[in-house]
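Input: a single structure, listed below in structure tokens.
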Amino acid sequence: AMLMNNVLLKQTDDQLVVNKNHKFFYQVQCQMAVTGLSKCMLVGFTNKGIFPFEIHFDPAFWEDQLQNVMTFYKSYMYDKVIEEIKQSE
């Protein structure tokens with residue numbers, strides 16, 4: 001199931017690796033950046049069993065994505081956060 005959803009990719013040596021272009025990879029990289037973790041486990045469950053994959057924080061990937069995260073925050077979150085703060089005062 002994880003292969004069909006493109007979460008995992010099969011290499012030529014039949015080893016499975018996490019697809020670095022999948023939204024789950026992006027999500028765990030962002031979570032590790034925010035929490036300061038250096039690695040995490042992505043666990044897949046299929047009808048053939050449970051498959052854990054260790055993912056290491058990728059500073060270069062995060063550096064490339066940081067501008068996108070900041071743009072999203074400024075465009076969609078910042079005003080809402082300020083509004084909530086003002087309402088709570």
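Note on naming: chains are A, B, ... as they come in the structure tokens, residues start from 1 per chain, ligands start from 1 in the order shown.
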
Would you list the contacts of Val34 of chain A as a VMD selection string, taking every protein, DNA or RNA residue within 12 Å and counting only C-alpha atoms, but skipping same-chain residues closer than 5 positions in sequence? chain A and resid 27 to 29 57 62 66 69

Residues as selected, N, CA and C atoms, written as a short mmCIF file (atom, residue, chain, number, x, y, z; two decimals), in the first residue's frame, can you do that?
```cif
data_model
loop_
_atom_site.label_atom_id
_atom_site.label_comp_id
_atom_site.auth_asym_id
_atom_site.auth_seq_id
_atom_site.Cartn_x
_atom_site.Cartn_y
_atom_site.Cartn_z
N GLN A 27 6.62 16.53 5.66
CA GLN A 27 6.02 16.71 6.98
C GLN A 27 6.98 16.33 8.10
N VAL A 28 7.63 15.18 7.99
CA VAL A 28 8.52 14.78 9.08
C VAL A 28 9.77 15.64 9.13
N GLN A 29 10.23 16.13 7.99
CA GLN A 29 11.38 17.05 8.00
C GLN A 29 11.02 18.35 8.72
N PHE A 57 17.15 13.83 9.84
CA PHE A 57 16.92 15.23 9.47
C PHE A 57 17.89 15.61 8.36
N TRP A 62 15.69 21.11 4.52
CA TRP A 62 14.99 22.09 5.35
C TRP A 62 15.32 23.51 4.90
N LEU A 66 12.49 26.20 3.95
CA LEU A 66 12.22 27.20 4.97
C LEU A 66 11.51 28.44 4.40
N VAL A 69 7.86 27.70 4.02
CA VAL A 69 7.19 27.68 5.32
C VAL A 69 6.95 29.11 5.81
#
```

Considering only C-alpha atoms, state which residue in the set A:Ile85, A:Cys40, A:Met77, A:Met70 is at the smallest distance from His56 of chain A. A:Cys40

Backbone DSSP call of alpha helix (DSSP H) for chain A, listed as number ranges by chain: A: 23-35, 59-72, 78-88

Return as a CSV table (one decimal) with N, CA, C and O atoms, in the first residue's frame the full set of residues in chain A whose backbone-based DSSP assignment is strand (DSSP E or B).
```csv
chain,number,residue,atom,x,y,z
A,8,LEU,N,6.9,5.1,-0.4
A,8,LEU,CA,8.2,4.4,-0.5
A,8,LEU,C,8.5,4.1,-2.0
A,8,LEU,O,7.6,4.0,-2.8
A,9,LEU,N,9.8,4.1,-2.3
A,9,LEU,CA,10.3,3.7,-3.6
A,9,LEU,C,11.1,2.5,-3.5
A,9,LEU,O,11.9,2.3,-2.5
A,10,LYS,N,11.0,1.6,-4.5
A,10,LYS,CA,11.9,0.4,-4.5
A,10,LYS,C,13.1,0.7,-5.4
A,10,LYS,O,13.0,1.2,-6.5
A,16,LEU,N,13.7,-0.8,-0.1
A,16,LEU,CA,12.7,0.2,0.0
A,16,LEU,C,13.3,1.5,0.6
A,16,LEU,O,14.0,1.4,1.6
A,17,VAL,N,13.1,2.6,0.1
A,17,VAL,CA,13.5,3.9,0.6
A,17,VAL,C,12.3,4.9,0.7
A,17,VAL,O,11.4,4.7,-0.1
A,18,VAL,N,12.4,5.8,1.5
A,18,VAL,CA,11.3,6.8,1.6
A,18,VAL,C,11.5,7.8,0.5
A,18,VAL,O,12.6,8.3,0.1
A,39,LYS,N,16.4,12.6,14.1
A,39,LYS,CA,15.9,11.4,13.3
A,39,LYS,C,14.5,11.1,13.9
A,39,LYS,O,14.1,11.5,15.0
A,40,CYS,N,13.7,10.4,13.1
A,40,CYS,CA,12.4,9.9,13.5
A,40,CYS,C,12.1,8.6,12.8
A,40,CYS,O,12.9,8.2,11.9
A,41,MET,N,11.0,8.0,13.1
A,41,MET,CA,10.6,6.8,12.5
A,41,MET,C,9.3,7.0,11.7
A,41,MET,O,8.3,7.6,12.3
A,42,LEU,N,9.2,6.6,10.5
A,42,LEU,CA,8.0,6.6,9.7
A,42,LEU,C,7.6,5.2,9.6
A,42,LEU,O,8.4,4.3,9.2
A,43,VAL,N,6.4,4.9,10.2
A,43,VAL,CA,6.0,3.5,10.3
A,43,VAL,C,4.8,3.2,9.3
A,43,VAL,O,3.8,3.9,9.4
A,44,GLY,N,5.0,2.3,8.4
A,44,GLY,CA,3.9,1.9,7.5
A,44,GLY,C,3.3,0.6,7.9
A,44,GLY,O,4.0,-0.3,8.4
A,45,PHE,N,2.0,0.6,7.8
A,45,PHE,CA,1.2,-0.7,8.1
A,45,PHE,C,0.5,-1.1,6.8
A,45,PHE,O,-0.2,-0.3,6.2
A,46,THR,N,0.8,-2.3,6.4
A,46,THR,CA,0.1,-2.9,5.3
A,46,THR,C,-0.4,-4.3,5.6
A,46,THR,O,-0.2,-4.8,6.7
A,49,GLY,N,2.4,-6.5,6.8
A,49,GLY,CA,3.1,-6.3,8.0
A,49,GLY,C,3.3,-4.8,8.3
A,49,GLY,O,2.8,-4.0,7.6
A,50,ILE,N,4.1,-4.6,9.3
A,50,ILE,CA,4.5,-3.2,9.7
A,50,ILE,C,5.9,-3.0,9.3
A,50,ILE,O,6.8,-3.8,9.5
A,51,PHE,N,6.2,-1.8,8.7
A,51,PHE,CA,7.5,-1.5,8.1
A,51,PHE,C,7.9,-0.2,8.7
A,51,PHE,O,7.5,0.9,8.3
A,52,PRO,N,8.9,-0.2,9.6
A,52,PRO,CA,9.5,1.1,10.2
A,52,PRO,C,10.6,1.5,9.3
A,52,PRO,O,11.4,0.7,8.8
A,53,PHE,N,10.7,2.8,9.1
A,53,PHE,CA,11.8,3.4,8.3
A,53,PHE,C,12.4,4.6,9.1
A,53,PHE,O,11.6,5.5,9.5
A,54,GLU,N,13.6,4.5,9.4
A,54,GLU,CA,14.3,5.6,10.1
A,54,GLU,C,14.6,6.8,9.1
A,54,GLU,O,15.1,6.5,8.0
A,55,ILE,N,14.2,8.0,9.4
A,55,ILE,CA,14.4,9.1,8.6
A,55,ILE,C,15.3,10.1,9.4
A,55,ILE,O,15.0,10.5,10.5
A,56,HIS,N,16.4,10.5,8.8
A,56,HIS,CA,17.3,11.5,9.4
A,56,HIS,C,17.0,12.9,8.9
A,56,HIS,O,16.6,13.1,7.8
```
